[in-house]
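Comments concern the structure below.
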Amino acid sequence: MPTNRKRTPRSRKIPSLNKGEINWLYDRDDPLENKWTDCLFMTKEGREALWSHNRKDVIEWWIENRPCTRPQRWWEYDAPKQLVAGCDSSEHCAHQAFRTRIGGIGTPDHEALSVLPSHILGIPASWDWHGAGLADSIDPDNPPLYESQAAYLRRHSILTPGELNHLRRHPQLLEPDRVLPEEPEE
């Protein structure tokens, strides 16, 4: 009997994602679901393939729901990269995406210690928080300031026309991001 259903070739079917993969792709931290631990056990190539296969859908959702920003995976895999000063040519640290520092007091660990630089959303992830004396501690009255994600995306001509319109209506998205000291654990 004839049917009107359209057949989807097997090669074009999208594999279903588990909750951990969705959380990893969309920057969701769900402590009840162990965040995205499934992805931690994937190979580097597996994570790159997961992002590559889902990039378009994630970015479309992200731009619609969080305009003028990008998810962490975009920063890791797609953002324009720069050579990290003082870094050797190792694949991990030689080229990373980072936003421009505008001011403030505090030194990222990779500038003062023999540690590899790492960035979260384009801002250094590791700082001398508690005054170990090896670098300038973050001054809570004058914390490090970095260009906003919107400013970074605009500077690199990455914003979509819809995001540019959103930015015109929300100029506060261009205000710098502050790196504040962590609250001490009790």
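In the structure tokens, chains take letters A, B, ... by order of appearance, with residues numbered from 1 within each chain and ligands from 1 in the order shown.
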
### Task
Write out as an MDAnalysis selection string the residues lying within 7 Å of range 67-75 of chain A, counting only C-alpha atoms and excluding same-chain residues fewer than 2 positions away.
chainID A and resid 25:27 62:65 77:79 97 120:122 149:150 159 163

Write a file of the just-selected residues containing N, CA and C atoms, as an mmCIF file, in the first residue's frame.
data_model
loop_
_atom_site.group_PDB
_atom_site.id
_atom_site.type_symbol
_atom_site.label_atom_id
_atom_site.label_comp_id
_atom_site.auth_asym_id
_atom_site.auth_seq_id
_atom_site.Cartn_x
_atom_site.Cartn_y
_atom_site.Cartn_z
ATOM 1 N N LEU A 25 27.063 20.221 26.098
ATOM 2 C CA LEU A 25 26.941 21.077 24.924
ATOM 3 C C LEU A 25 26.328 22.434 25.245
ATOM 4 N N TYR A 26 25.356 22.459 26.158
ATOM 5 C CA TYR A 26 24.601 23.680 26.444
ATOM 6 C C TYR A 26 25.014 24.344 27.761
ATOM 7 N N ASP A 27 26.175 23.991 28.307
ATOM 8 C CA ASP A 27 26.687 24.614 29.545
ATOM 9 C C ASP A 27 25.711 24.499 30.706
ATOM 10 N N TRP A 62 21.476 29.003 21.214
ATOM 11 C CA TRP A 62 22.168 29.940 22.102
ATOM 12 C C TRP A 62 21.905 31.386 21.695
ATOM 13 N N ILE A 63 22.023 31.665 20.404
ATOM 14 C CA ILE A 63 21.819 33.033 19.928
ATOM 15 C C ILE A 63 20.387 33.485 20.194
ATOM 16 N N GLU A 64 19.429 32.601 20.029
ATOM 17 C CA GLU A 64 18.036 32.952 20.279
ATOM 18 C C GLU A 64 17.763 33.172 21.763
ATOM 19 N N ASN A 65 18.385 32.384 22.633
ATOM 20 C CA ASN A 65 18.090 32.444 24.064
ATOM 21 C C ASN A 65 19.074 33.262 24.890
ATOM 22 N N TYR A 77 36.325 25.510 20.900
ATOM 23 C CA TYR A 77 36.543 24.955 19.575
ATOM 24 C C TYR A 77 36.471 25.949 18.416
ATOM 25 N N ASP A 78 35.691 27.009 18.533
ATOM 26 C CA ASP A 78 35.432 27.864 17.381
ATOM 27 C C ASP A 78 35.918 29.303 17.504
ATOM 28 N N ALA A 79 36.118 29.803 18.693
ATOM 29 C CA ALA A 79 36.490 31.212 18.871
ATOM 30 C C ALA A 79 37.855 31.489 18.235
ATOM 31 N N ALA A 97 41.500 31.097 23.048
ATOM 32 C CA ALA A 97 40.649 32.273 22.884
ATOM 33 C C ALA A 97 40.597 33.010 24.211
ATOM 34 N N ILE A 120 37.988 30.172 30.793
ATOM 35 C CA ILE A 120 36.565 29.844 30.782
ATOM 36 C C ILE A 120 35.853 31.046 30.178
ATOM 37 N N LEU A 121 35.175 30.808 29.079
ATOM 38 C CA LEU A 121 34.478 31.872 28.356
ATOM 39 C C LEU A 121 35.417 33.033 28.027
ATOM 40 N N GLY A 122 36.687 32.708 27.755
ATOM 41 C CA GLY A 122 37.649 33.712 27.336
ATOM 42 C C GLY A 122 38.346 34.483 28.447
ATOM 43 N N GLN A 149 31.565 39.530 26.635
ATOM 44 C CA GLN A 149 31.446 38.631 25.488
ATOM 45 C C GLN A 149 30.915 39.391 24.275
ATOM 46 N N ALA A 150 29.937 40.260 24.507
ATOM 47 C CA ALA A 150 29.367 41.029 23.399
ATOM 48 C C ALA A 150 30.438 41.881 22.723
ATOM 49 N N LEU A 159 28.970 38.755 15.616
ATOM 50 C CA LEU A 159 27.553 38.918 15.952
ATOM 51 C C LEU A 159 26.676 38.836 14.703
ATOM 52 N N GLU A 163 21.642 39.894 16.593
ATOM 53 C CA GLU A 163 22.372 40.214 17.818
ATOM 54 C C GLU A 163 22.821 41.676 17.823
#

### Message
Neighbouring residues of Leu145 in chain A were defined as those with any atom within 12 Å, considering only C-alpha atoms; residues of the same chain fewer than 5 positions away were excluded. Please report them as a PyMOL selection string.
### Response
chain A and resi 99-107+123-124+138-140+175-180

Please dump the current selection as a CSV table (one decimal), in the first residue's frame; keep N, CA and C atoms.
chain,number,residue,atom,x,y,z
A,99,ARG,N,39.6,37.0,26.0
A,99,ARG,CA,39.1,38.4,25.9
A,99,ARG,C,40.2,39.4,26.4
A,100,THR,N,40.1,40.6,25.9
A,100,THR,CA,41.1,41.6,26.2
A,100,THR,C,40.8,42.1,27.6
A,101,ARG,N,42.0,42.2,28.4
A,101,ARG,CA,41.9,42.7,29.7
A,101,ARG,C,41.9,44.2,29.6
A,102,ILE,N,41.0,44.8,30.4
A,102,ILE,CA,40.8,46.3,30.4
A,102,ILE,C,41.5,46.9,31.6
A,103,GLY,N,41.6,46.3,32.7
A,103,GLY,CA,42.2,46.9,33.9
A,103,GLY,C,42.0,46.0,35.1
A,104,GLY,N,42.3,46.6,36.3
A,104,GLY,CA,42.1,45.9,37.6
A,104,GLY,C,43.4,45.3,38.1
A,105,ILE,N,43.4,44.8,39.3
A,105,ILE,CA,44.5,44.3,40.0
A,105,ILE,C,44.3,42.8,40.2
A,106,GLY,N,45.3,42.0,39.8
A,106,GLY,CA,45.2,40.5,40.0
A,106,GLY,C,46.0,39.9,38.9
A,107,THR,N,46.7,38.8,39.2
A,107,THR,CA,47.5,38.1,38.2
A,107,THR,C,47.0,36.7,38.0
A,123,ILE,N,38.1,34.1,29.7
A,123,ILE,CA,38.7,34.8,30.9
A,123,ILE,C,39.6,33.7,31.6
A,124,PRO,N,40.8,34.1,32.1
A,124,PRO,CA,41.6,33.1,32.8
A,124,PRO,C,40.8,32.5,33.9
A,138,ILE,N,43.8,39.1,43.7
A,138,ILE,CA,42.8,40.0,43.2
A,138,ILE,C,42.4,41.0,44.2
A,139,ASP,N,42.3,42.2,43.8
A,139,ASP,CA,41.9,43.3,44.7
A,139,ASP,C,40.4,43.4,44.6
A,140,PRO,N,39.6,43.1,45.7
A,140,PRO,CA,38.2,43.2,45.6
A,140,PRO,C,37.7,44.6,45.3
A,175,GLU,N,29.3,46.4,28.8
A,175,GLU,CA,30.0,46.7,30.1
A,175,GLU,C,31.0,45.6,30.4
A,176,PRO,N,32.2,46.0,30.9
A,176,PRO,CA,33.2,44.9,31.2
A,176,PRO,C,32.8,43.9,32.2
A,177,ASP,N,33.3,42.7,32.1
A,177,ASP,CA,33.1,41.7,33.1
A,177,ASP,C,34.2,41.7,34.2
A,178,ARG,N,33.8,41.6,35.4
A,178,ARG,CA,34.7,41.6,36.6
A,178,ARG,C,35.1,40.2,37.0
A,179,VAL,N,36.3,40.0,37.4
A,179,VAL,CA,36.7,38.8,38.0
A,179,VAL,C,36.8,39.0,39.5
A,180,LEU,N,35.8,38.4,40.2
A,180,LEU,CA,35.7,38.7,41.7
A,180,LEU,C,36.3,37.5,42.5

### Task
Compare A:Arg55, A:Gly20, A:Asp141, A:Ala112 by their minimum atom-to-atom distance to Trp127 in chain A, counting only C-alpha atoms, and give me the closest one.
A:Ala112
